[in-house]
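File shown: input.cif (mmCIF, C-alpha atoms).
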```
data_start
#
loop_
_atom_site.label_atom_id
_atom_site.label_comp_id
_atom_site.auth_asym_id
_atom_site.auth_seq_id
_atom_site.Cartn_x
_atom_site.Cartn_y
_atom_site.Cartn_z
CA MET V 142 28.30 41.73 87.85
CA SER V 143 30.02 38.46 88.47
CA VAL V 144 33.42 36.79 88.80
CA ILE V 145 34.33 33.86 86.59
CA THR V 146 37.58 31.91 86.95
CA LYS V 147 39.13 30.09 84.03
CA THR V 148 42.51 28.35 84.20
CA ILE V 149 44.51 27.55 81.11
CA THR V 150 47.56 25.31 81.05
CA VAL V 151 50.31 25.50 78.46
CA ARG V 152 53.50 23.50 78.03
CA SER V 153 56.59 25.64 77.39
CA ASN V 154 59.68 24.51 75.51
CA GLY V 155 62.02 26.04 78.08
CA GLU V 156 63.97 29.25 78.40
CA ASN V 157 62.77 32.17 76.26
CA ASP V 158 59.77 30.37 74.87
CA MET V 159 56.97 32.82 74.13
CA ILE V 160 53.44 31.43 73.84
CA ASP V 161 50.49 33.35 72.39
CA ILE V 162 47.48 32.93 74.70
CA THR V 163 45.23 35.50 73.02
CA ARG V 164 42.86 32.95 71.50
CA GLN V 165 42.31 31.08 74.78
CA THR V 166 41.69 34.39 76.57
CA ASP V 167 39.22 35.47 73.92
CA GLU V 168 37.40 32.13 74.09
CA ALA V 169 37.13 32.40 77.89
CA ILE V 170 35.38 35.75 77.50
CA LYS V 171 33.02 34.46 74.79
CA ALA V 172 32.13 31.44 76.96
CA SER V 173 31.60 33.48 80.13
CA GLY V 174 28.34 35.13 79.14
CA LEU V 175 29.82 38.48 80.19
CA GLN V 176 29.58 41.47 77.86
CA ASP V 177 31.85 44.14 79.38
CA GLY V 178 34.56 43.96 81.99
CA ILE V 179 38.18 43.09 82.64
CA VAL V 180 40.22 39.94 82.54
CA ALA V 181 43.00 39.75 85.11
CA ILE V 182 45.61 37.42 83.64
CA PHE V 183 47.98 35.96 86.21
CA VAL V 184 50.69 33.33 85.94
CA SER V 185 51.32 31.46 89.16
CA GLY V 186 55.04 30.80 89.57
CA SER V 187 58.13 32.95 89.96
CA THR V 188 60.02 32.25 86.71
CA ALA V 189 57.41 33.22 84.11
CA ALA V 190 55.60 36.42 83.15
CA VAL V 191 52.76 37.77 81.01
CA THR V 192 52.77 40.82 78.74
CA THR V 193 51.61 41.92 75.29
CA ILE V 194 53.75 42.01 72.15
CA GLU V 195 53.43 41.87 68.38
CA TYR V 196 53.74 38.11 68.14
CA GLU V 197 56.09 37.52 65.21
CA PRO V 198 59.35 35.55 64.83
CA GLY V 199 61.67 38.56 64.99
CA LEU V 200 60.48 39.88 68.34
CA LYS V 201 60.43 36.35 69.76
CA LYS V 202 64.23 36.60 69.49
CA ASP V 203 64.69 40.33 70.17
CA PHE V 204 62.80 40.39 73.45
CA PRO V 205 64.81 37.64 75.21
CA GLU V 206 68.02 39.26 73.97
CA MET V 207 67.06 42.40 75.87
CA LEU V 208 66.46 40.29 78.97
CA ALA V 209 69.90 38.70 78.53
CA ARG V 210 71.50 42.15 78.52
CA ILE V 211 69.92 43.22 81.81
CA ALA V 212 70.06 39.87 83.63
CA PRO V 213 72.72 37.75 81.90
CA SER V 214 72.71 34.02 82.62
CA GLU V 215 76.50 33.85 82.88
CA ILE V 216 77.04 36.10 85.91
CA ILE V 217 76.84 34.99 89.54
CA TYR V 218 73.51 35.09 91.38
CA GLU V 219 73.20 34.66 95.13
CA HIS V 220 70.07 32.64 94.47
CA ASP V 221 72.15 29.95 92.76
CA ASN V 222 74.66 29.88 95.58
CA THR V 223 71.77 28.89 97.83
CA TRP V 224 69.78 26.55 95.61
CA HIS V 225 72.20 25.47 92.86
CA ASP V 226 69.41 25.25 90.33
CA GLY V 227 71.04 27.74 87.95
CA ASN V 228 67.98 29.87 87.37
CA GLY V 229 68.76 33.03 89.35
CA HIS V 230 68.58 35.06 86.16
CA SER V 231 65.14 33.54 85.43
CA HIS V 232 63.77 34.79 88.75
CA VAL V 233 65.24 38.27 88.32
CA ARG V 234 63.79 38.63 84.81
CA ALA V 235 60.36 37.33 85.85
CA SER V 236 60.06 39.72 88.80
CA LEU V 237 61.02 42.61 86.55
CA LEU V 238 58.36 41.81 83.95
CA GLY V 239 55.68 40.82 86.43
CA PRO V 240 53.11 38.00 86.59
CA SER V 241 49.97 40.08 86.04
CA LEU V 242 48.25 41.86 83.17
CA THR V 243 44.75 43.34 83.09
CA VAL V 244 42.95 43.68 79.76
CA PRO V 245 39.52 45.29 79.26
CA PHE V 246 36.82 43.73 77.09
CA LYS V 247 33.64 45.18 75.61
CA ASN V 248 30.81 43.54 73.65
CA LYS V 249 32.55 40.21 74.41
CA GLY V 250 35.77 41.33 72.64
CA LEU V 251 39.27 42.01 73.99
CA MET V 252 40.22 45.68 73.47
CA LEU V 253 43.67 44.92 72.01
CA GLY V 254 45.45 46.67 69.19
CA THR V 255 45.62 44.95 65.80
CA TRP V 256 49.25 43.90 66.27
CA GLN V 257 49.05 43.25 69.99
CA GLN V 258 48.89 39.72 71.36
CA ILE V 259 48.84 38.40 74.94
CA VAL V 260 51.81 36.16 75.65
CA LEU V 261 53.27 33.96 78.34
CA LEU V 262 57.05 34.23 78.63
CA GLU V 263 58.90 31.22 79.95
CA MET V 264 62.10 32.24 81.70
CA ASP V 265 62.97 29.05 83.55
CA THR V 266 65.83 26.96 82.20
CA ARG V 267 63.69 23.91 81.41
CA PRO V 268 60.31 23.12 79.84
CA ARG V 269 57.47 23.72 82.27
CA ASP V 270 53.73 23.21 82.50
CA ARG V 271 52.38 26.70 83.17
CA LYS V 272 49.08 27.50 84.83
CA ILE V 273 47.61 30.85 83.85
CA ILE V 274 44.58 32.13 85.72
CA LEU V 275 42.03 34.26 83.88
CA GLN V 276 39.87 36.05 86.43
CA LEU V 277 36.98 37.69 84.58
CA ILE V 278 35.01 40.44 86.28
CA GLY V 279 32.16 42.01 84.42
CA GLU V 280 28.49 42.13 83.59
CA MET R 152 28.57 47.45 90.96
CA SER R 153 28.94 48.37 87.33
CA VAL R 154 31.41 48.62 84.45
CA ILE R 155 31.93 51.90 82.63
CA THR R 156 34.16 52.25 79.59
CA LYS R 157 35.79 55.55 78.72
CA THR R 158 38.27 55.95 75.86
CA ILE R 159 40.68 58.85 75.69
CA THR R 160 42.78 59.73 72.66
CA VAL R 161 46.04 61.64 72.79
CA ARG R 162 48.43 62.71 70.05
CA SER R 163 52.09 61.97 70.80
CA ASN R 164 55.05 63.90 69.43
CA GLY R 165 56.96 60.70 68.66
CA GLU R 166 59.67 58.70 70.33
CA ASN R 167 60.08 59.20 74.09
CA ASP R 168 57.14 61.56 74.41
CA MET R 169 55.57 61.23 77.87
CA ILE R 170 51.99 62.47 78.28
CA ASP R 171 50.30 63.06 81.64
CA ILE R 172 46.80 61.51 81.54
CA THR R 173 46.00 61.90 85.26
CA ARG R 174 43.45 64.68 84.78
CA GLN R 175 41.48 62.80 82.10
CA THR R 176 41.49 59.68 84.28
CA ASP R 177 40.29 61.67 87.28
CA GLU R 178 37.53 63.30 85.22
CA ALA R 179 36.36 59.92 83.96
CA ILE R 180 35.92 58.75 87.55
CA LYS R 181 34.10 61.93 88.58
CA ALA R 182 31.76 61.62 85.59
CA SER R 183 31.06 57.91 86.13
CA GLY R 184 28.87 58.24 89.19
CA LEU R 185 30.98 55.56 90.90
CA GLN R 186 32.34 56.15 94.41
CA ASP R 187 34.83 53.31 95.01
CA GLY R 188 36.56 50.90 92.67
CA ILE R 189 39.40 50.44 90.24
CA VAL R 190 40.29 51.91 86.90
CA ALA R 191 42.06 49.53 84.54
CA ILE R 192 44.12 51.72 82.20
CA PHE R 193 45.12 50.00 78.97
CA VAL R 194 46.82 51.29 75.85
CA SER R 195 45.94 49.37 72.74
CA GLY R 196 49.00 49.02 70.52
CA SER R 197 52.40 47.36 70.86
CA THR R 198 54.78 50.35 70.87
CA ALA R 199 53.40 52.36 73.81
CA ALA R 200 53.02 51.78 77.55
CA VAL R 201 51.44 53.22 80.70
CA THR R 202 53.02 53.67 84.12
CA THR R 203 53.23 56.23 86.93
CA ILE R 204 56.04 58.73 87.47
CA GLU R 205 56.72 62.10 89.06
CA TYR R 206 55.89 64.13 85.96
CA GLU R 207 58.64 66.75 85.78
CA PRO R 208 61.07 67.76 83.00
CA GLY R 209 64.10 65.94 84.46
CA LEU R 210 62.53 62.50 84.60
CA LYS R 211 61.00 62.99 81.17
CA LYS R 212 64.61 62.78 79.94
CA ASP R 213 66.01 60.33 82.50
CA PHE R 214 63.43 57.62 81.94
CA PRO R 215 63.92 57.28 78.15
CA GLU R 216 67.69 57.27 78.69
CA MET R 217 67.29 54.18 80.84
CA LEU R 218 65.25 52.57 78.05
CA ALA R 219 67.99 53.44 75.57
CA ARG R 220 70.54 51.61 77.73
CA ILE R 221 68.57 48.37 77.84
CA ALA R 222 67.14 48.42 74.30
CA PRO R 223 69.36 50.72 72.22
CA SER R 224 67.97 51.92 68.91
CA GLU R 225 71.30 51.46 67.10
CA ILE R 226 71.69 47.68 67.45
CA ILE R 227 70.19 45.09 65.11
CA TYR R 228 66.69 43.73 65.78
CA GLU R 229 65.27 40.72 63.97
CA HIS R 230 61.96 42.56 63.87
CA ASP R 231 63.47 45.18 61.58
CA ASN R 232 64.99 42.55 59.31
CA THR R 233 61.42 41.33 58.72
CA TRP R 234 59.46 44.56 58.58
CA HIS R 235 62.07 47.27 57.88
CA ASP R 236 60.15 49.83 59.89
CA GLY R 237 63.07 50.54 62.22
CA ASN R 238 61.09 50.25 65.45
CA GLY R 239 62.28 46.92 66.86
CA HIS R 240 63.61 48.73 69.93
CA SER R 241 60.19 50.38 70.39
CA HIS R 242 58.45 47.01 70.57
CA VAL R 243 60.99 45.55 72.98
CA ARG R 244 60.74 48.54 75.33
CA ALA R 245 56.92 48.59 75.23
CA SER R 246 56.60 44.89 76.06
CA LEU R 247 58.99 45.33 78.97
CA LEU R 248 57.01 48.21 80.48
CA GLY R 249 53.61 46.77 79.70
CA PRO R 250 50.34 48.24 78.40
CA SER R 251 48.28 47.97 81.59
CA LEU R 252 48.04 49.73 84.93
CA THR R 253 45.34 49.37 87.59
CA VAL R 254 44.71 52.24 90.00
CA PRO R 255 42.21 52.20 92.91
CA PHE R 256 39.84 55.07 93.62
CA LYS R 257 37.80 55.92 96.72
CA ASN R 258 35.24 58.66 97.34
CA LYS R 259 35.58 59.49 93.63
CA GLY R 260 39.33 60.21 93.98
CA LEU R 261 42.37 58.40 92.55
CA MET R 262 44.54 56.96 95.34
CA LEU R 263 47.82 58.29 93.95
CA GLY R 264 50.75 59.75 95.85
CA THR R 265 51.27 63.51 95.79
CA TRP R 266 54.12 63.30 93.27
CA GLN R 267 52.73 60.40 91.27
CA GLN R 268 51.12 60.96 87.89
CA ILE R 269 49.71 58.50 85.35
CA VAL R 270 51.50 58.72 82.01
CA LEU R 271 51.42 57.35 78.51
CA LEU R 272 54.86 56.63 77.08
CA GLU R 273 55.25 56.82 73.34
CA MET R 274 58.00 54.52 72.14
CA ASP R 275 57.30 54.40 68.42
CA THR R 276 59.61 56.35 66.13
CA ARG R 277 56.92 58.70 64.85
CA PRO R 278 54.01 60.75 66.22
CA ARG R 279 50.95 58.60 66.84
CA ASP R 280 47.33 58.97 67.86
CA ARG R 281 47.04 56.81 70.95
CA LYS R 282 43.83 55.27 72.22
CA ILE R 283 43.81 54.59 75.96
CA ILE R 284 40.95 52.59 77.45
CA LEU R 285 39.78 53.37 80.98
CA GLN R 286 37.69 50.47 82.25
CA LEU R 287 36.08 51.53 85.52
CA ILE R 288 34.69 48.87 87.82
CA GLY R 289 33.08 49.97 91.05
CA GLU R 290 30.00 50.96 92.98
CA MET C 178 29.76 41.95 94.19
CA SER C 179 31.38 44.62 96.31
CA VAL C 180 34.49 46.76 96.71
CA ILE C 181 36.47 46.68 99.94
CA THR C 182 39.45 48.95 100.58
CA LYS C 183 42.21 47.95 102.98
CA THR C 184 45.36 50.01 103.49
CA ILE C 185 48.51 48.53 104.94
CA THR C 186 51.50 50.53 106.09
CA VAL C 187 55.04 49.21 106.26
CA ARG C 188 58.29 50.84 107.33
CA SER C 189 61.18 50.25 104.93
CA ASN C 190 64.86 50.23 105.86
CA GLY C 191 65.80 52.32 102.83
CA GLU C 192 67.17 51.61 99.39
CA ASN C 193 66.71 48.06 98.08
CA ASP C 194 64.68 46.88 101.04
CA MET C 195 62.23 44.19 99.96
CA ILE C 196 59.25 43.52 102.23
CA ASP C 197 56.99 40.48 101.97
CA ILE C 198 53.35 41.62 102.18
CA THR C 199 51.75 38.27 101.25
CA ARG C 200 50.44 37.54 104.74
CA GLN C 201 48.76 40.94 105.14
CA THR C 202 47.20 40.59 101.69
CA ASP C 203 45.93 37.13 102.54
CA GLU C 204 44.48 38.34 105.84
CA ALA C 205 42.69 41.20 104.10
CA ILE C 206 40.96 38.69 101.82
CA LYS C 207 40.02 36.38 104.70
CA ALA C 208 38.59 39.34 106.67
CA SER C 209 36.65 40.76 103.70
CA GLY C 210 33.94 38.14 103.56
CA LEU C 211 34.55 37.80 99.82
CA GLN C 212 35.02 34.35 98.27
CA ASP C 213 36.25 35.01 94.71
CA GLY C 214 37.67 38.07 93.03
CA ILE C 215 40.78 40.14 92.54
CA VAL C 216 42.95 42.26 94.77
CA ALA C 217 44.45 45.32 93.10
CA ILE C 218 47.64 46.08 95.03
CA PHE C 219 48.89 49.63 94.58
CA VAL C 220 51.68 51.56 96.25
CA SER C 221 51.12 55.29 96.35
CA GLY C 222 54.39 57.11 95.76
CA SER C 223 56.86 57.35 92.89
CA THR C 224 59.96 55.65 94.36
CA ALA C 225 58.55 52.23 95.31
CA ALA C 226 57.01 49.31 93.43
CA VAL C 227 55.18 46.02 93.92
CA THR C 228 55.84 42.69 92.22
CA THR C 229 56.09 38.98 93.01
CA ILE C 230 59.28 37.06 93.69
CA GLU C 231 60.54 33.96 95.48
CA TYR C 232 61.25 35.72 98.76
CA GLU C 233 64.64 34.35 99.87
CA PRO C 234 67.91 36.05 100.86
CA GLY C 235 69.71 35.43 97.55
CA LEU C 236 67.15 37.12 95.32
CA LYS C 237 66.83 40.00 97.80
CA LYS C 238 70.38 40.85 96.66
CA ASP C 239 70.19 39.71 93.03
CA PHE C 240 67.15 41.75 92.11
CA PRO C 241 68.51 45.16 93.23
CA GLU C 242 71.80 44.37 91.47
CA MET C 243 69.88 44.06 88.22
CA LEU C 244 68.25 47.44 88.90
CA ALA C 245 71.69 48.94 89.54
CA ARG C 246 72.85 47.74 86.14
CA ILE C 247 70.01 49.39 84.25
CA ALA C 248 69.68 52.56 86.35
CA PRO C 249 72.99 53.05 88.21
CA SER C 250 72.99 55.46 91.13
CA GLU C 251 76.35 56.96 90.15
CA ILE C 252 75.42 58.49 86.79
CA ILE C 253 73.88 61.92 86.27
CA TYR C 254 70.09 62.30 86.30
CA GLU C 255 68.33 65.47 85.18
CA HIS C 256 65.91 64.93 88.06
CA ASP C 257 68.73 65.51 90.56
CA ASN C 258 69.88 68.65 88.76
CA THR C 259 66.43 70.05 89.45
CA TRP C 260 65.71 68.77 92.95
CA HIS C 261 69.14 67.83 94.39
CA ASP C 262 67.64 64.97 96.39
CA GLY C 263 69.87 62.36 94.78
CA ASN C 264 67.13 59.86 94.00
CA GLY C 265 66.78 60.17 90.23
CA HIS C 266 67.74 56.52 89.86
CA SER C 267 65.01 55.59 92.40
CA HIS C 268 62.32 57.23 90.29
CA VAL C 269 63.53 55.64 87.06
CA ARG C 270 63.60 52.16 88.62
CA ALA C 271 60.17 52.56 90.23
CA SER C 272 58.50 53.69 87.00
CA LEU C 273 60.03 50.74 85.18
CA LEU C 274 58.73 48.18 87.69
CA GLY C 275 55.39 49.86 88.21
CA PRO C 276 53.22 50.54 91.28
CA SER C 277 50.41 48.09 90.56
CA LEU C 278 49.85 44.35 90.68
CA THR C 279 46.57 42.45 90.36
CA VAL C 280 46.24 39.00 91.94
CA PRO C 281 43.18 36.74 91.70
CA PHE C 282 41.73 34.90 94.68
CA LYS C 283 39.30 31.97 94.90
CA ASN C 284 37.66 30.31 97.91
CA LYS C 285 39.24 33.10 100.00
CA GLY C 286 42.78 32.12 98.93
CA LEU C 287 45.36 33.98 96.81
CA MET C 288 46.14 32.09 93.59
CA LEU C 289 49.92 32.36 93.93
CA GLY C 290 52.54 29.74 93.12
CA THR C 291 54.21 27.90 95.99
CA TRP C 292 57.42 29.94 95.73
CA GLN C 293 55.79 33.21 94.78
CA GLN C 294 55.39 36.01 97.31
CA ILE C 295 54.01 39.54 96.96
CA VAL C 296 56.63 42.17 97.82
CA LEU C 297 57.05 45.88 98.20
CA LEU C 298 60.35 47.18 96.83
CA GLU C 299 61.77 50.31 98.39
CA MET C 300 63.87 52.23 95.90
CA ASP C 301 64.20 55.58 97.66
CA THR C 302 67.54 56.41 99.28
CA ARG C 303 66.17 56.59 102.83
CA PRO C 304 63.78 54.65 105.08
CA ARG C 305 60.16 55.45 104.29
CA ASP C 306 56.70 54.68 105.63
CA ARG C 307 54.93 53.09 102.71
CA LYS C 308 51.17 53.01 102.20
CA ILE C 309 49.93 50.11 100.11
CA ILE C 310 46.32 50.03 99.02
CA LEU C 311 44.55 46.69 98.64
CA GLN C 312 41.41 47.21 96.60
CA LEU C 313 39.38 44.01 96.74
CA ILE C 314 36.66 43.42 94.17
CA GLY C 315 34.66 40.23 94.36
CA GLU C 316 31.66 38.35 95.60
#
```
Can I see the file as structure tokens?
Amino acid sequence: MSVITKTITVRSNGENDMIDITRQTDEAIKASGLQDGIVAIFVSGSTAAVTTIEYEPGLKKDFPEMLARIAPSEIIYEHDNTWHDGNGHSHVRASLLGPSLTVPFKNKGLMLGTWQQIVLLEMDTRPRDRKIILQLIGE
Amino acid sequence: MSVITKTITVRSNGENDMIDITRQTDEAIKASGLQDGIVAIFVSGSTAAVTTIEYEPGLKKDFPEMLARIAPSEIIYEHDNTWHDGNGHSHVRASLLGPSLTVPFKNKGLMLGTWQQIVLLEMDTRPRDRKIILQLIGE
Amino acid sequence: MSVITKTITVRSNGENDMIDITRQTDEAIKASGLQDGIVAIFVSGSTAAVTTIEYEPGLKKDFPEMLARIAPSEIIYEHDNTWHDGNGHSHVRASLLGPSLTVPFKNKGLMLGTWQQIVLLEMDTRPRDRKIILQLIGE
């Protein structure tokens, strides 16, 4: 058993950008020498999140529209009254979705469904460089 | 320390079915020979999710009603315009809830609250066979 | 590689209380003797949750307001018809957010963003003593 840390960095295009990081996660496992285990995927930062989704153009629009219903950008947030950076809704959405996801792997392969990809969701109002930590634990 | 993979399969009755998988998870730990560790619970597929809930008939209705408020089935989803399978809302809900849950165990017992069960949530519009991976890591 | 279990207990002030548990989590890692690994943070109970957020007064109000939009306290829940404890909305919110969070650490330090804290969210309608399990796995 060992722990292997891999960090990947992606550049988002700003609010509602969804970036498929399945390939990089898979490559990190293949390169680790580990056969079986888990990968704890974690985005550092409070205005982004990770989840899985069928990565196709329709859902790339549908998913942010759901977020806009539950945390609209046009209402007042106390966060913005303090900081005036206009991203209160980004923080609320990110904390709802969560920064962490844990995916098992076996025989060096991620145990995902056929139509299930790992994605980073950008919720901040501007393009950002995002650091995603892949903490692999396995044998 | 070792990694043990157990897969459980359940048959759902279709949309909004909630299935208690606590017993199977507990049995997997008991059978593993491990004393202390974590179980990473992961559903492969993009229209189902795992979480914990007090598993009782009231909440089995209340929880899906919340999902229907934030991702109604009767609005238009771009996903359905592409695929015409009518489950755009299922995908949006599943990606919000997430496919992964990590629960600690100690002395071969899950560290859950008294009224806290582990459940699979079916969000697809038809009955499905669901494969849930239990990746146990411990000693 | 080893597993180390640490339990922290916090007293909440009741509904919508948000408690920063970053320091206790960090201290548990420092005291464990482990260098690199993950901490699986898990709240036992079905009316509380854990996530990360920028812990500042504005978001402490904004986040619960989002929860009130998606699971209002003033509508009817089947759960309350059964139990009459008036916390159906608490259960629905907690199951949506989820009880588990997994955070990587390296060189004895949590890999969080600068403005990203680990919090417990109380969603029950009364003050509660909350038990949070920190399951550390690492080397």
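Here atom CA of V:Arg152 is placed at a distance of 28.9 Å from atom CA of C:Leu273.
Excluding R:Gly209 itself and same-chain residues fewer than 6 positions from it, the residues having an atom within 8 Å of it are Tyr254, Glu255, His256, Asp257, Asn258 and Thr259 of chain C, counting only C-alpha atoms.
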Which residues fall under the PyMOL selection byres ((chain V) within 8 of (chain R)) in this file, as a PDB file with C-alpha atoms, keeping the file's coordinate frame?
```pdb
ATOM      1  CA  MET V 142      28.300  41.730  87.850  1.00  0.00           C
ATOM      2  CA  ASP V 177      31.850  44.140  79.380  1.00  0.00           C
ATOM      3  CA  GLY V 178      34.560  43.960  81.990  1.00  0.00           C
ATOM      4  CA  ILE V 179      38.180  43.090  82.640  1.00  0.00           C
ATOM      5  CA  THR V 192      52.770  40.820  78.740  1.00  0.00           C
ATOM      6  CA  THR V 193      51.610  41.920  75.290  1.00  0.00           C
ATOM      7  CA  ILE V 194      53.750  42.010  72.150  1.00  0.00           C
ATOM      8  CA  GLU V 195      53.430  41.870  68.380  1.00  0.00           C
ATOM      9  CA  GLU V 197      56.090  37.520  65.210  1.00  0.00           C
ATOM     10  CA  PRO V 198      59.350  35.550  64.830  1.00  0.00           C
ATOM     11  CA  GLY V 199      61.670  38.560  64.990  1.00  0.00           C
ATOM     12  CA  LEU V 200      60.480  39.880  68.340  1.00  0.00           C
ATOM     13  CA  LYS V 202      64.230  36.600  69.490  1.00  0.00           C
ATOM     14  CA  ASP V 203      64.690  40.330  70.170  1.00  0.00           C
ATOM     15  CA  PHE V 204      62.800  40.390  73.450  1.00  0.00           C
ATOM     16  CA  MET V 207      67.060  42.400  75.870  1.00  0.00           C
ATOM     17  CA  ARG V 210      71.500  42.150  78.520  1.00  0.00           C
ATOM     18  CA  ILE V 211      69.920  43.220  81.810  1.00  0.00           C
ATOM     19  CA  LEU V 238      58.360  41.810  83.950  1.00  0.00           C
ATOM     20  CA  LEU V 242      48.250  41.860  83.170  1.00  0.00           C
ATOM     21  CA  THR V 243      44.750  43.340  83.090  1.00  0.00           C
ATOM     22  CA  VAL V 244      42.950  43.680  79.760  1.00  0.00           C
ATOM     23  CA  PRO V 245      39.520  45.290  79.260  1.00  0.00           C
ATOM     24  CA  MET V 252      40.220  45.680  73.470  1.00  0.00           C
ATOM     25  CA  LEU V 253      43.670  44.920  72.010  1.00  0.00           C
ATOM     26  CA  GLY V 254      45.450  46.670  69.190  1.00  0.00           C
ATOM     27  CA  THR V 255      45.620  44.950  65.800  1.00  0.00           C
ATOM     28  CA  TRP V 256      49.250  43.900  66.270  1.00  0.00           C
ATOM     29  CA  GLN V 257      49.050  43.250  69.990  1.00  0.00           C
ATOM     30  CA  GLY V 279      32.160  42.010  84.420  1.00  0.00           C
ATOM     31  CA  GLU V 280      28.490  42.130  83.590  1.00  0.00           C
TER      32      GLU V 280
END
```
Checklist entry - So which residues touch C:Ser250 within 10 Å, counting all atoms listed in the file, skipping near sequence neighbours fewer than 6 positions away, as a ChimeraX atom specification? => result /C:244,263-267,302
With C-alpha atoms retained, write the just-selected residues as an mmCIF file, in the coordinates of the input.
```cif
data_model
loop_
_atom_site.group_PDB
_atom_site.id
_atom_site.type_symbol
_atom_site.label_atom_id
_atom_site.label_comp_id
_atom_site.auth_asym_id
_atom_site.auth_seq_id
_atom_site.Cartn_x
_atom_site.Cartn_y
_atom_site.Cartn_z
ATOM 1 C CA LEU C 244 68.250 47.440 88.900
ATOM 2 C CA GLY C 263 69.870 62.360 94.780
ATOM 3 C CA ASN C 264 67.130 59.860 94.000
ATOM 4 C CA GLY C 265 66.780 60.170 90.230
ATOM 5 C CA HIS C 266 67.740 56.520 89.860
ATOM 6 C CA SER C 267 65.010 55.590 92.400
ATOM 7 C CA THR C 302 67.540 56.410 99.280
#
```
Checklist entry - Suppose you want the space between atom CA of C:Asp197 and atom CA of C:Lys237; what is it in Å? => result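 Atom CA of C:Asp197 sits 10.7 Å away from atom CA of C:Lys237.
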Checklist entry - Could you write out as a list in words the residues that the PyMOL selection byres ((chain V and resi 269) around 9) matches in the shown file? => result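 Against this file, the PyMOL selection byres ((chain V and resi 269) around 9) returns the residues Val151, Arg152, Ser153, Asn154, Gly155, Glu263, Asp265, Thr266, Arg267, Pro268, Asp270 and Arg271 of chain V.
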Using the chain letters and numbers from the file, which residues does the PyMOL selection byres ((chain C and resi 195) around 6) grab, as a PDB file with C-alpha atoms, in the coordinates of the input?
```pdb
ATOM      1  CA  ASP C 194      64.680  46.880 101.040  1.00  0.00           C
ATOM      2  CA  ILE C 196      59.250  43.520 102.230  1.00  0.00           C
ATOM      3  CA  LEU C 297      57.050  45.880  98.200  1.00  0.00           C
ATOM      4  CA  LEU C 298      60.350  47.180  96.830  1.00  0.00           C
TER       5      LEU C 298
END
```
Item to check | Atomic separation - atom CA of C:Ile198 relative to atom CA of C:Leu287, Å | outcome: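 A separation of 12.3 Å between them.
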Please put the answer as lines of an AutoDock Vina configuration file: centre and edge lengths, in Å with one decimal, of a box along x, y and z that encloses all listed atoms of stretch 224-242 of chain C plus 4 Å on each side.
```
center_x = 63.5
center_y = 44.8
center_z = 96.2
size_x = 24.6
size_y = 29.7
size_z = 17.4
```
